[in-house]
$ cat protein_33.cif   # mmCIF, C-alpha atoms
data_protein
loop_
_atom_site.label_atom_id
_atom_site.label_comp_id
_atom_site.auth_asym_id
_atom_site.auth_seq_id
_atom_site.Cartn_x
_atom_site.Cartn_y
_atom_site.Cartn_z
CA MET A 12 0.00 0.00 0.00
CA GLY A 13 1.46 3.42 -0.90
CA PHE A 14 2.19 6.25 1.51
CA PHE A 15 -0.90 8.29 0.58
CA HIS A 16 -3.15 5.27 0.94
CA GLN A 17 -1.82 4.66 4.41
CA LEU A 18 -2.21 8.30 5.32
CA ALA A 19 -5.82 8.29 4.13
CA LEU A 20 -6.58 5.17 6.08
CA GLU A 21 -4.95 6.52 9.22
CA SER A 22 -6.95 9.73 8.90
CA LEU A 23 -10.25 8.02 8.23
CA GLY A 24 -9.93 5.44 10.97
CA PRO A 25 -10.40 7.64 14.04
CA VAL A 26 -13.36 9.38 12.46
CA GLN A 27 -14.96 6.03 11.75
CA VAL A 28 -14.29 4.92 15.30
CA LEU A 29 -15.88 8.07 16.64
CA LEU A 30 -18.94 7.78 14.46
CA THR A 31 -19.35 4.07 15.21
CA ARG A 32 -19.24 4.68 18.93
CA ALA A 33 -21.71 7.55 18.61
CA SER A 34 -24.12 5.50 16.54
CA SER A 35 -23.86 2.62 19.02
CA SER A 36 -24.97 4.99 21.74
CA VAL A 37 -27.86 6.20 19.62
CA VAL A 38 -28.92 2.63 18.83
CA ALA A 39 -28.73 1.73 22.51
CA LEU A 40 -30.85 4.75 23.32
CA LYS A 41 -33.35 3.69 20.72
CA ASP A 42 -33.50 0.13 22.03
CA ASP A 43 -33.86 1.24 25.65
CA TYR A 44 -36.36 4.00 25.09
CA VAL A 45 -37.96 4.45 21.72
CA ALA A 46 -38.71 0.76 21.19
CA LEU A 47 -40.30 0.69 24.63
CA TRP A 48 -42.95 3.12 23.48
CA TYR A 49 -44.95 0.15 22.21
CA VAL A 50 -44.14 -2.17 25.09
CA ARG A 51 -46.99 -0.84 27.19
CA GLU A 52 -49.59 -1.71 24.55
CA GLU A 53 -47.92 -5.06 23.95
CA ASN A 54 -47.97 -5.70 27.70
CA LYS A 55 -51.66 -4.88 27.90
CA ARG A 56 -52.40 -7.12 24.95
CA LEU A 57 -50.47 -10.01 26.45
CA LEU A 58 -52.14 -9.52 29.86
CA ASN A 59 -55.54 -9.65 28.18
CA ILE A 60 -54.56 -12.88 26.47
CA ILE A 61 -53.41 -14.31 29.81
CA ASP A 62 -56.67 -13.29 31.47
CA LYS A 63 -58.64 -14.95 28.73
CA HIS A 64 -56.55 -18.10 29.02
CA LYS A 65 -57.01 -18.09 32.79
CA GLN A 66 -60.74 -17.82 32.32
CA ASP A 67 -60.70 -20.66 29.81
CA LEU A 68 -58.59 -22.71 32.19
CA ASP A 69 -61.06 -22.13 35.02
CA GLU A 70 -63.91 -23.21 32.75
CA TYR A 71 -62.04 -26.30 31.65
CA ARG A 72 -61.20 -27.17 35.26
CA GLU A 73 -64.83 -26.81 36.25
CA ALA A 74 -65.93 -28.90 33.26
CA TYR A 75 -63.32 -31.54 34.08
CA THR A 76 -64.32 -31.69 37.74
CA ARG A 77 -67.97 -31.83 36.83
CA ASN A 78 -67.26 -34.53 34.29
CA ARG A 79 -65.37 -36.57 36.88
CA ASN A 80 -68.22 -36.18 39.37
CA LEU A 81 -70.83 -37.17 36.82
CA GLU A 82 -68.71 -40.12 35.73
CA SER A 83 -68.50 -41.20 39.33
CA GLU A 84 -72.26 -40.89 39.76
CA LEU A 85 -72.85 -42.73 36.50
CA GLY A 86 -70.51 -45.50 37.57
CA PHE A 87 -72.38 -45.76 40.86
CA LYS A 88 -75.72 -45.88 39.02
CA ARG A 89 -74.52 -48.66 36.73
CA SER A 90 -73.13 -50.74 39.55
CA ALA A 91 -75.94 -50.04 42.05
CA ASP A 92 -77.61 -53.04 43.59
CA PHE A 93 -80.98 -51.30 43.51
CA PRO A 94 -83.09 -49.74 40.73
CA PRO A 95 -81.93 -46.11 40.86
CA LEU A 96 -84.00 -43.20 39.62
CA THR A 97 -81.82 -40.21 38.82
CA ALA A 98 -83.19 -36.99 40.29
CA ARG A 99 -81.79 -33.51 39.96
CA VAL A 100 -81.89 -31.09 42.89
CA VAL A 101 -83.94 -28.06 41.84
CA GLY A 102 -84.47 -26.25 45.13
CA LYS A 103 -83.05 -26.17 48.63
CA ASP A 104 -84.37 -24.99 51.96
CA PRO A 105 -83.09 -21.45 52.49
CA SER A 106 -83.26 -21.52 56.32
CA PHE A 107 -80.86 -23.47 58.46
CA TRP A 108 -83.58 -24.95 60.65
CA PHE A 109 -84.89 -27.55 58.22
CA GLN A 110 -82.62 -29.55 55.95
CA THR A 111 -84.80 -30.29 52.95
CA LEU A 112 -84.51 -30.06 49.21
CA VAL A 113 -86.74 -30.49 46.19
CA VAL A 114 -85.96 -32.83 43.28
CA ASP A 115 -87.51 -33.06 39.84
CA ARG A 116 -88.97 -36.55 40.19
CA GLY A 117 -92.44 -37.33 41.51
CA ARG A 118 -95.34 -39.70 41.56
CA SER A 119 -95.37 -39.99 37.78
CA ASP A 120 -91.86 -41.46 37.99
CA GLY A 121 -92.82 -44.00 40.66
CA VAL A 122 -91.62 -42.08 43.69
CA VAL A 123 -93.52 -42.55 46.95
CA VAL A 124 -93.04 -41.19 50.45
CA GLY A 125 -90.44 -43.10 52.39
CA MET A 126 -88.06 -43.93 49.57
CA VAL A 127 -84.37 -43.48 50.27
CA ALA A 128 -82.22 -41.05 48.30
CA ARG A 129 -78.56 -41.89 47.84
CA THR A 130 -75.48 -40.67 46.06
CA SER A 131 -72.26 -42.43 45.17
CA GLN A 132 -70.89 -41.22 48.51
CA GLY A 133 -73.66 -42.61 50.70
CA VAL A 134 -77.11 -41.95 52.12
CA ALA A 135 -78.45 -38.49 51.32
CA GLY A 136 -81.95 -38.58 52.75
CA GLN A 137 -85.51 -39.79 52.50
CA VAL A 138 -88.56 -38.70 50.50
CA ILE A 139 -91.13 -36.99 52.75
CA GLN A 140 -93.54 -35.35 50.31
CA VAL A 141 -94.43 -36.20 46.73
CA SER A 142 -96.38 -34.42 44.02
CA LYS A 143 -96.91 -35.47 40.45
CA ASN A 144 -93.53 -34.29 39.15
CA TYR A 145 -91.57 -33.18 42.20
CA SER A 146 -90.61 -34.55 45.59
CA LYS A 147 -89.30 -33.08 48.81
CA ILE A 148 -86.46 -34.91 50.48
CA LEU A 149 -85.46 -34.69 54.13
CA LEU A 150 -81.70 -34.78 54.25
CA ALA A 151 -79.95 -37.25 56.51
CA ASN A 152 -78.25 -34.43 58.44
CA ALA A 153 -81.61 -32.99 59.53
CA PRO A 154 -82.07 -33.19 63.31
CA SER A 155 -85.33 -35.06 62.83
CA SER A 156 -83.55 -37.75 60.83
CA ALA A 157 -82.46 -40.92 62.63
CA ILE A 158 -80.70 -43.87 61.00
CA ASP A 159 -79.65 -47.15 62.58
CA ALA A 160 -75.90 -47.28 62.21
CA ILE A 161 -72.92 -49.43 63.16
CA ILE A 162 -69.19 -48.86 63.42
CA GLN A 163 -67.86 -50.91 60.56
CA LYS A 164 -64.77 -52.31 62.29
CA ASN A 165 -66.44 -53.83 65.37
CA ARG A 166 -70.21 -53.61 64.62
CA VAL A 167 -70.92 -51.34 67.60
CA ARG A 168 -74.50 -50.17 67.18
CA GLY A 169 -75.92 -46.71 67.58
CA VAL A 170 -78.47 -44.28 66.17
CA LEU A 171 -77.11 -41.67 63.78
CA LYS A 172 -78.95 -38.38 64.17
CA GLY A 173 -78.56 -35.31 62.07
CA ALA A 174 -76.96 -32.23 63.57
CA GLY A 175 -77.67 -29.73 60.82
CA GLU A 176 -74.67 -28.16 59.17
CA THR A 177 -72.26 -29.74 61.64
CA GLY A 178 -73.01 -33.23 60.32
CA TYR A 179 -74.11 -36.17 62.43
CA GLN A 180 -74.01 -37.40 65.98
CA LEU A 181 -73.99 -41.07 66.87
CA HIS A 182 -76.16 -41.66 69.89
CA TYR A 183 -76.54 -44.54 72.36
CA VAL A 184 -72.96 -45.79 72.07
CA LEU A 185 -71.92 -47.18 75.41
CA LYS A 186 -68.88 -45.77 77.13
CA ASN A 187 -67.06 -49.10 77.09
CA SER A 188 -67.32 -49.31 73.27
CA ASP A 189 -64.19 -49.16 71.18
CA VAL A 190 -64.79 -46.07 69.05
CA THR A 191 -61.94 -43.95 67.76
CA VAL A 192 -61.54 -41.04 65.39
CA GLY A 193 -61.41 -42.27 61.82
CA ASP A 194 -63.75 -45.23 62.26
CA ARG A 195 -66.16 -45.67 59.41
CA VAL A 196 -69.89 -45.59 60.15
CA VAL A 197 -72.32 -47.51 57.92
CA THR A 198 -76.02 -48.34 57.96
CA ALA A 199 -77.04 -51.25 60.14
CA GLY A 200 -79.87 -52.36 57.88
CA VAL A 201 -82.23 -52.70 60.85
CA GLY A 202 -85.84 -51.90 60.11
CA GLY A 203 -85.44 -52.50 56.40
CA MET A 204 -85.55 -48.86 55.37
CA PHE A 205 -81.84 -48.54 54.65
CA PRO A 206 -79.86 -51.53 53.35
CA SER A 207 -76.91 -52.54 55.49
CA GLY A 208 -73.37 -51.41 54.79
CA VAL A 209 -74.14 -48.12 53.05
CA PRO A 210 -71.53 -45.51 54.03
CA LEU A 211 -72.76 -42.79 56.34
CA GLY A 212 -69.61 -41.06 57.51
CA VAL A 213 -66.42 -41.13 59.51
CA VAL A 214 -66.02 -40.56 63.25
CA ALA A 215 -64.61 -37.06 63.77
CA ALA A 216 -64.59 -36.77 67.56
CA VAL A 217 -65.31 -38.91 70.58
CA ARG A 218 -66.07 -37.42 73.99
CA SER A 219 -66.82 -39.10 77.25
CA GLN A 220 -68.56 -37.01 79.86
CA SER A 221 -68.37 -37.81 83.54
CA ARG A 222 -72.15 -38.19 83.65
CA GLY A 223 -74.22 -40.56 81.59
CA MET A 224 -73.54 -43.97 80.15
CA PHE A 225 -73.07 -43.03 76.49
CA LEU A 226 -70.28 -41.51 74.47
CA GLU A 227 -70.72 -38.32 72.47
CA VAL A 228 -69.61 -39.21 68.97
CA ASP A 229 -69.44 -36.65 66.16
CA VAL A 230 -69.51 -38.07 62.66
CA THR A 231 -68.45 -36.28 59.49
CA PRO A 232 -70.96 -37.16 56.75
CA ALA A 233 -69.80 -39.13 53.76
CA VAL A 234 -72.09 -37.04 51.59
CA ASP A 235 -71.28 -33.38 50.93
CA PHE A 236 -74.73 -31.88 51.56
CA GLU A 237 -73.62 -28.44 50.39
CA ARG A 238 -72.88 -29.69 46.88
CA LEU A 239 -75.75 -32.03 46.15
CA GLU A 240 -76.74 -31.77 42.49
CA VAL A 241 -77.90 -35.27 41.58
CA LEU A 242 -79.50 -37.96 43.74
CA PHE A 243 -80.57 -41.55 43.13
CA ILE A 244 -83.91 -42.55 44.55
CA ASN A 245 -84.22 -46.24 45.38
CA LEU A 246 -87.31 -47.38 43.51
CA GLY A 247 -86.80 -50.92 44.73
CA GLU A 248 -88.40 -50.01 48.02
CA GLN A 249 -91.74 -49.33 46.34
CA GLN A 250 -92.97 -52.84 47.02
CA LYS A 251 -91.77 -52.79 50.63
CA ILE A 252 -93.42 -49.43 51.28
CA ASP A 253 -96.65 -50.61 49.64
CA GLU A 254 -96.63 -53.70 51.85
CA GLU A 255 -96.04 -51.62 54.98
CA LEU A 256 -98.76 -49.18 54.02
CA GLY A 257 -101.11 -52.06 53.27
CA ALA A 258 -100.32 -53.68 56.64
CA GLY A 259 -101.00 -50.38 58.38
CA GLU A 260 -104.38 -50.03 56.67
CA ARG A 261 -105.33 -53.63 57.52
CA LYS A 262 -104.47 -52.98 61.19
CA GLY A 263 -106.67 -49.92 61.15
CA GLU A 264 -109.56 -51.94 59.83
CA MET B 8 -106.76 -5.88 43.82
CA MET B 9 -104.09 -5.36 41.19
CA ALA B 10 -101.52 -4.76 43.91
CA MET B 11 -102.49 -8.00 45.61
CA LEU B 12 -102.20 -9.98 42.42
CA VAL B 13 -98.82 -8.52 41.61
CA PHE B 14 -97.56 -9.20 45.11
CA PHE B 15 -98.84 -12.77 44.90
CA VAL B 16 -96.69 -13.30 41.84
CA LEU B 17 -93.81 -11.48 43.49
CA ALA B 18 -93.98 -13.75 46.54
CA PHE B 19 -93.87 -16.74 44.26
CA PHE B 20 -90.75 -15.49 42.48
CA PHE B 21 -89.04 -14.44 45.69
CA MET B 22 -89.48 -17.93 47.04
CA ALA B 23 -88.18 -19.47 43.82
CA ILE B 24 -85.13 -17.19 43.87
CA GLN B 25 -84.19 -17.87 47.47
CA THR B 26 -84.52 -21.64 47.09
CA THR B 27 -82.45 -21.76 43.89
CA LEU B 28 -80.14 -18.87 43.06
CA PHE B 29 -79.15 -18.06 46.62
CA GLN B 30 -77.90 -21.63 47.11
CA PHE B 31 -74.94 -20.81 44.88
CA PHE B 32 -73.79 -18.10 47.25
CA PRO B 33 -70.88 -18.98 49.56
CA ALA B 34 -71.92 -20.57 52.85
CA TRP B 35 -70.63 -17.66 54.94
CA LEU B 36 -72.73 -15.19 52.94
CA GLY B 37 -75.91 -17.23 53.06
CA GLY B 38 -79.03 -15.79 51.46
CA PRO B 39 -81.50 -13.15 52.71
CA ASP B 40 -85.04 -14.31 53.37
CA LEU B 41 -86.80 -12.30 50.66
CA VAL B 42 -90.20 -13.71 51.55
CA PHE B 43 -89.79 -12.46 55.12
CA ILE B 44 -88.94 -8.99 53.81
CA LEU B 45 -92.09 -9.14 51.70
CA VAL B 46 -94.17 -10.15 54.71
CA VAL B 47 -92.89 -7.18 56.73
CA PHE B 48 -93.59 -4.87 53.80
CA VAL B 49 -97.11 -6.23 53.49
CA ALA B 50 -97.64 -5.61 57.20
CA TYR B 51 -96.71 -1.97 56.69
CA ARG B 52 -98.52 -1.17 53.50
CA PHE B 53 -101.50 -3.46 53.07
CA ASP B 54 -104.75 -3.48 54.97
CA TRP B 55 -105.67 -6.26 57.36
CA LEU B 56 -107.69 -8.46 55.04
CA GLY B 57 -105.51 -8.20 51.96
CA GLY B 58 -102.37 -8.52 54.03
CA LEU B 59 -103.64 -11.60 55.82
CA VAL B 60 -104.41 -13.34 52.55
CA LEU B 61 -101.00 -12.48 51.15
CA VAL B 62 -99.16 -13.53 54.28
CA VAL B 63 -100.96 -16.87 54.53
CA PHE B 64 -100.14 -17.50 50.88
CA CYS B 65 -96.46 -16.72 51.51
CA GLY B 66 -96.36 -19.02 54.50
CA TRP B 67 -98.14 -21.78 52.64
CA MET B 68 -95.69 -21.61 49.75
CA MET B 69 -92.70 -21.64 52.10
CA ASP B 70 -94.17 -24.65 53.89
CA ILE B 71 -94.41 -26.50 50.62
CA ALA B 72 -90.96 -25.54 49.39
CA SER B 73 -88.92 -25.96 52.52
CA GLY B 74 -90.98 -26.59 55.62
CA LEU B 75 -90.89 -29.83 57.49
CA TYR B 76 -93.89 -29.39 59.77
CA LEU B 77 -96.84 -28.10 57.79
CA GLY B 78 -98.29 -24.93 59.18
CA THR B 79 -95.04 -23.65 60.67
CA TYR B 80 -94.39 -20.87 58.22
CA PRO B 81 -98.00 -19.61 58.00
CA VAL B 82 -98.13 -19.33 61.79
CA VAL B 83 -94.79 -17.53 61.93
CA TYR B 84 -95.70 -15.10 59.17
CA LEU B 85 -99.14 -14.44 60.62
CA PHE B 86 -97.55 -13.69 63.98
CA VAL B 87 -95.09 -11.24 62.38
CA PHE B 88 -97.86 -9.61 60.35
CA ALA B 89 -100.19 -9.18 63.30
CA LEU B 90 -97.45 -7.96 65.61
CA LEU B 91 -96.16 -5.35 63.19
CA LYS B 92 -99.68 -4.22 62.32
CA LEU B 93 -100.51 -3.68 65.97
CA LEU B 94 -97.20 -2.01 66.78
CA ALA B 95 -97.32 0.28 63.76
CA ALA B 96 -100.92 1.40 64.30
CA ASN B 97 -100.85 5.02 65.40
CA SER B 98 -97.22 4.90 66.44
CA PRO B 99 -93.94 6.30 65.11
CA LEU B 100 -92.93 2.76 64.10
CA ARG B 101 -94.99 3.28 60.99
CA GLU B 102 -92.50 5.84 59.71
CA GLY B 103 -90.00 4.91 57.05
CA LEU B 104 -87.10 5.46 59.44
CA TYR B 105 -88.14 2.49 61.57
CA GLN B 106 -89.17 0.08 58.86
CA ILE B 107 -85.74 -1.36 58.09
CA PRO B 108 -84.69 -1.84 61.73
CA MET B 109 -88.06 -3.47 62.41
CA VAL B 110 -87.29 -6.02 59.69
CA GLY B 111 -84.14 -7.08 61.55
CA ILE B 112 -85.69 -6.95 65.01
CA SER B 113 -88.75 -8.93 63.98
CA TYR B 114 -86.60 -11.52 62.21
CA PHE B 115 -84.37 -11.96 65.24
CA VAL B 116 -87.32 -12.18 67.63
CA VAL B 117 -89.04 -14.70 65.36
CA GLN B 118 -85.93 -16.89 65.30
CA LEU B 119 -85.77 -16.81 69.10
CA LEU B 120 -89.44 -17.62 69.53
CA PHE B 121 -89.33 -20.28 66.83
CA TYR B 122 -86.43 -22.04 68.46
CA GLY B 123 -87.91 -21.64 71.92
CA PHE B 124 -91.18 -23.15 70.76
CA PHE B 125 -89.49 -26.21 69.33
CA VAL B 126 -87.27 -26.60 72.38
CA VAL B 127 -90.45 -27.02 74.40
CA ILE B 128 -92.47 -29.07 71.91
CA GLN B 129 -89.84 -31.19 70.22
CA PRO B 130 -86.27 -30.46 71.32
CA GLU B 131 -84.65 -32.79 68.83
CA ALA B 132 -86.39 -31.32 65.81
CA LEU B 133 -83.94 -28.47 65.26
CA PRO B 134 -80.16 -28.14 65.23
CA GLU B 135 -78.38 -26.42 68.10
CA TRP B 136 -78.85 -22.70 68.47
CA ASN B 137 -76.03 -20.81 66.81
CA TRP B 138 -75.75 -17.16 67.83
CA ALA B 139 -73.20 -16.33 65.17
CA GLN B 140 -75.33 -17.72 62.39
CA VAL B 141 -78.53 -16.05 63.54
CA VAL B 142 -76.82 -12.68 63.98
CA ARG B 143 -75.16 -13.01 60.59
CA GLU B 144 -78.44 -13.89 58.89
CA THR B 145 -80.17 -10.98 60.59
CA PHE B 146 -77.48 -8.59 59.40
CA ILE B 147 -77.64 -9.91 55.84
CA LEU B 148 -81.41 -9.55 55.91
CA LEU B 149 -81.10 -5.96 57.12
CA VAL B 150 -78.72 -5.08 54.31
CA ALA B 151 -80.90 -6.77 51.70
CA SER B 152 -84.09 -5.17 52.98
CA ILE B 153 -82.94 -1.64 52.07
CA PRO B 154 -83.03 -2.03 48.28
CA CYS B 155 -85.97 -4.44 48.56
CA PHE B 156 -88.06 -1.93 50.48
CA LEU B 157 -87.19 0.83 48.04
CA ALA B 158 -88.20 -1.32 45.10
CA LEU B 159 -91.34 -2.63 46.77
CA ASN B 160 -92.37 0.88 47.80
CA SER B 161 -92.00 2.14 44.24
CA LEU B 162 -93.91 -0.82 42.89
CA PHE B 163 -96.69 -0.40 45.43
CA GLU B 164 -97.04 3.28 44.67
CA VAL B 165 -97.20 2.63 40.94
CA LEU B 166 -99.85 -0.04 41.43
CA SER B 167 -101.84 2.07 43.87
CA ARG B 168 -102.08 4.95 41.41
CA ARG B 169 -103.74 2.72 38.83
CA ARG B 170 -107.31 2.88 39.86
CA PHE B 171 -109.80 1.50 37.36
CA VAL B 172 -112.78 3.67 38.24
CA SER B 173 -115.84 3.36 36.06
CA LYS B 174 -116.71 6.72 34.50
CA ILE B 175 -120.39 5.95 34.84
CA LEU B 176 -120.05 5.92 38.60
CA ILE B 177 -118.19 9.23 38.80
CA ARG B 178 -120.47 11.81 40.30
CA ARG B 179 -120.47 15.11 38.61
CA SER B 180 -121.13 18.14 40.72
CA GLY B 181 -123.17 20.99 39.35
CA ASN B 182 -120.17 23.33 39.46
CA ARG B 183 -119.45 24.17 35.85
CA PHE B 184 -116.55 26.41 36.72
CA ARG B 185 -114.38 23.81 38.49
#
$ encode --input "protein_33.cif" --output "C-alpha cells"
Amino acid sequence: MGFFHQLALESLGPVQVLLTRASSSVVALKDDYVALWYVREENKRLLNIIDKHKQDLDEYREAYTRNRNLESELGFKRSADFPPLTARVVGKDPSFWFQTLVVDRGRSDGVVVGMVARTSQGVAGQVIQVSKNYSKILLANAPSSAIDAIIQKNRVRGVLKGAGETGYQLHYVLKNSDVTVGDRVVTAGVGGMFPSGVPLGVVAAVRSQSRGMFLEVDVTPAVDFERLEVLFINLGEQQKIDEELGAGERKGE
Amino acid sequence: MMAMLVFFVLAFFFMAIQTTLFQFFPAWLGGPDLVFILVVFVAYRFDWLGGLVLVVFCGWMMDIASGLYLGTYPVVYLFVFALLKLLAANSPLREGLYQIPMVGISYFVVQLLFYGFFVVIQPEALPEWNWAQVVRETFILLVASIPCFLALNSLFEVLSRRRFVSKILIRRSGNRFR
C-alpha cells in the first residue's frame, strides 16, 4: 500500500471509530427507550390474552371436575344393587332450621313417600312429600332424621342423628365401646328402610362425659350436603313401602 | 286488587329465587329471606284483610318448598304480620325510618321464639342454636331489605295509582266552573 493510501486510512480510521461509537450509543438509546414506546400496549395485549386463558382454564377445570363427578355418579348408578331413579336437585331450603330439598322426580316417575335417596358417597336422605312431578327430600343431616348405624370395624350399634350443618351425631354408644376417630360408620340395615353397609360417615370426635352412660360421637358425613346436584332414589323399596302401608291399613280396619 | 295480584306473583318469584339462586352463594354469605322482607312490607302497606291473605299465601308456599312441619311458616308469618300491624298502628314505628330496623328486630325475635317453641315441643327437631349464624343472617337480611323496600315501595305506589274507576259511577257536581 502506498504512503498516501496509508495516510488516508490513518486519517479516516479515528473518524470512523468516533462515528461508530456515537451510533452505538444512539442505537442503545433507541433500544432502551424508543422501542419501549410500544411495550406498554404489547404488555396490555399479552395480559388480556393471559386473562382470557385463565378464564378458559377455570372453565375447563370446572368442566373436568364436573365430568369426573358425573362419571363417578354414572358408575355408581350402573353398579348399584338397587333400581336407581336419577333426580336432579332443583331447590333447597333457604333456612338453616330444616334440611330439605326439592328434586324433579315425583309420583309420575314412581316415587312414593319413604323412599331413600342416595349418592355415590352414601345416604343423602328420604322422600317426605311427593307431588306429580316433584318430591321433597329430608336430608340425613336434619335433626329429625335418625338412622340405625354401626361402626364398621367392630359392629358397635348406635343411632345416627342429624346435627344440621355440623353433620351427624352417633347416639346410644356405650362408654365401654371401642370407638376412635377415623372409624367408618355404615347403615345397620335394621328396620329394612336402609340396606346394610351403606356408608354414612367417619367418626370425627369422641367425647366421654363424667355423667351418663353413652359416648358423644361426632360423625363427618360421607355425603357433601352443600354440593348435592344429583340424587338416586331407590325405587326398589316401592314394594316394601306398599306392603307396609297395606299392613297399616289392615291394622286400622 | 291489582296490587295484591302482583304481590302474589312477586312472593312466588321471591321464594323461587331464594330456594335456587341463593344456594350458589358462599356458605358464609348465606341468602336473605326475601319472603320475610315481603311479609314485613305487606304488614306496613296493606290493609288487614288483603295482608292476611297475602301472608298466609307466603307461609303456605314456604311450607311447601322448605318446611318440614306443615303450618309452621303460615303461623310464623301471621304472627309477624299481626305484631307489626298492631305495633305500627298510630305509632312512630310506621315511619320509614323504623321500617328497616323493624325487619331485623322482627326476624331476630321470630328466630328466638321459633327455636324456643321447638325446644319445648320437640327439642330434637332443630339443630343447636347458633348465635353467630342467627346474627349473621339478621345482618344480611337488614342489608338486603334496604333495596328491597325501596323497590317494593316504588312498585306499590305505581300499582296504587292505577285505579280503574268506572266513569259511569263518577259523580259530577253541578259546578261548571271547576
$ closest_residue --input "protein_33.cif" --among "B:Phe43, B:Trp55, B:Phe125, B:Tyr114" --to "Ala18 in chain B" --atoms "only C-alpha atoms"
B:Phe43
$ atom_distance --input "protein_33.cif" --atom1 "CA of Val47 in chain B" --atom2 "CA of Val87 in chain B"
7.3 Å
$ resolve_selection --input "protein_33.cif" --expression "the PyMOL selection byres ((chain A) within 12 of (chain B))" --output "PyMOL selection string"
chain A and resi 100-114+138-142+145-150+152-157+172-180+236-240
$ write_last_selection --input "protein_33.cif" --atoms "C-alpha atoms" --output "mmCIF file, keeping the file's coordinate frame"
data_model
loop_
_atom_site.group_PDB
_atom_site.id
_atom_site.type_symbol
_atom_site.label_atom_id
_atom_site.label_comp_id
_atom_site.auth_asym_id
_atom_site.auth_seq_id
_atom_site.Cartn_x
_atom_site.Cartn_y
_atom_site.Cartn_z
ATOM 1 C CA VAL A 100 -81.890 -31.090 42.890
ATOM 2 C CA VAL A 101 -83.940 -28.060 41.840
ATOM 3 C CA GLY A 102 -84.470 -26.250 45.130
ATOM 4 C CA LYS A 103 -83.050 -26.170 48.630
ATOM 5 C CA ASP A 104 -84.370 -24.990 51.960
ATOM 6 C CA PRO A 105 -83.090 -21.450 52.490
ATOM 7 C CA SER A 106 -83.260 -21.520 56.320
ATOM 8 C CA PHE A 107 -80.860 -23.470 58.460
ATOM 9 C CA TRP A 108 -83.580 -24.950 60.650
ATOM 10 C CA PHE A 109 -84.890 -27.550 58.220
ATOM 11 C CA GLN A 110 -82.620 -29.550 55.950
ATOM 12 C CA THR A 111 -84.800 -30.290 52.950
ATOM 13 C CA LEU A 112 -84.510 -30.060 49.210
ATOM 14 C CA VAL A 113 -86.740 -30.490 46.190
ATOM 15 C CA VAL A 114 -85.960 -32.830 43.280
ATOM 16 C CA VAL A 138 -88.560 -38.700 50.500
ATOM 17 C CA ILE A 139 -91.130 -36.990 52.750
ATOM 18 C CA GLN A 140 -93.540 -35.350 50.310
ATOM 19 C CA VAL A 141 -94.430 -36.200 46.730
ATOM 20 C CA SER A 142 -96.380 -34.420 44.020
ATOM 21 C CA TYR A 145 -91.570 -33.180 42.200
ATOM 22 C CA SER A 146 -90.610 -34.550 45.590
ATOM 23 C CA LYS A 147 -89.300 -33.080 48.810
ATOM 24 C CA ILE A 148 -86.460 -34.910 50.480
ATOM 25 C CA LEU A 149 -85.460 -34.690 54.130
ATOM 26 C CA LEU A 150 -81.700 -34.780 54.250
ATOM 27 C CA ASN A 152 -78.250 -34.430 58.440
ATOM 28 C CA ALA A 153 -81.610 -32.990 59.530
ATOM 29 C CA PRO A 154 -82.070 -33.190 63.310
ATOM 30 C CA SER A 155 -85.330 -35.060 62.830
ATOM 31 C CA SER A 156 -83.550 -37.750 60.830
ATOM 32 C CA ALA A 157 -82.460 -40.920 62.630
ATOM 33 C CA LYS A 172 -78.950 -38.380 64.170
ATOM 34 C CA GLY A 173 -78.560 -35.310 62.070
ATOM 35 C CA ALA A 174 -76.960 -32.230 63.570
ATOM 36 C CA GLY A 175 -77.670 -29.730 60.820
ATOM 37 C CA GLU A 176 -74.670 -28.160 59.170
ATOM 38 C CA THR A 177 -72.260 -29.740 61.640
ATOM 39 C CA GLY A 178 -73.010 -33.230 60.320
ATOM 40 C CA TYR A 179 -74.110 -36.170 62.430
ATOM 41 C CA GLN A 180 -74.010 -37.400 65.980
ATOM 42 C CA PHE A 236 -74.730 -31.880 51.560
ATOM 43 C CA GLU A 237 -73.620 -28.440 50.390
ATOM 44 C CA ARG A 238 -72.880 -29.690 46.880
ATOM 45 C CA LEU A 239 -75.750 -32.030 46.150
ATOM 46 C CA GLU A 240 -76.740 -31.770 42.490
#
$ residues_around --input "protein_33.cif" --residues "range 148-163 of chain B" --least-positions-apart "3" --cutoff "6 Å" --atoms "only C-alpha atoms" --output "list in words"
Pro39, Gly111, Thr145, Leu166 and Ser167 of chain B
$ write_last_selection --input "protein_33.cif" --atoms "C-alpha atoms" --output "mmCIF file, in the coordinates of the input"
data_model
loop_
_atom_site.group_PDB
_atom_site.id
_atom_site.type_symbol
_atom_site.label_atom_id
_atom_site.label_comp_id
_atom_site.auth_asym_id
_atom_site.auth_seq_id
_atom_site.Cartn_x
_atom_site.Cartn_y
_atom_site.Cartn_z
ATOM 1 C CA PRO B 39 -81.500 -13.150 52.710
ATOM 2 C CA GLY B 111 -84.140 -7.080 61.550
ATOM 3 C CA THR B 145 -80.170 -10.980 60.590
ATOM 4 C CA LEU B 166 -99.850 -0.040 41.430
ATOM 5 C CA SER B 167 -101.840 2.070 43.870
#
$ atom_distance --input "protein_33.cif" --atom1 "CA of Tyr51 in chain B" --atom2 "CA of Phe32 in chain B"
29.6 Å
$ residues_around --input "protein_33.cif" --residues "Glu227 in chain A" --least-positions-apart "2" --cutoff "9 Å" --atoms "all atoms listed in the file" --output "ChimeraX atom specification"
/A:180-184,186,216-220,225,229
$ atom_distance --input "protein_33.cif" --atom1 "CA of Leu57 in chain A" --atom2 "CA of Tyr71 in chain A"
20.6 Å
$ closest_residue --input "protein_33.cif" --among "A:Leu68, A:Val167, A:Val192, A:Met204" --to "Val228 in chain A" --atoms "all atoms listed in the file"
A:Val192
$ axis_aligned_box --input "protein_33.cif" --around "range 170-177 of chain A" --padding-each-side "3 Å" --output "AutoDock Vina command-line options"
--center_x -75.6 --center_y -36.2 --center_z 62.7 --size_x 12.7 --size_y 22.1 --size_z 13.0
$ residues_around --input "protein_33.cif" --residues "Phe21 in chain B" --least-positions-apart "6" --cutoff "9 Å" --atoms "all atoms listed in the file" --output "ChimeraX atom specification"
/B:40-42,45
$ closest_residue --input "protein_33.cif" --among "B:Phe124, B:Glu164, B:Ile112, B:Met8" --to "Thr79 in chain B" --atoms "all atoms listed in the file"
B:Phe124
$ closest_residue --input "protein_33.cif" --among "B:Ala50, B:Val142, B:Val60, B:Leu77" --to "Leu90 in chain B" --atoms "only C-alpha atoms"
B:Ala50
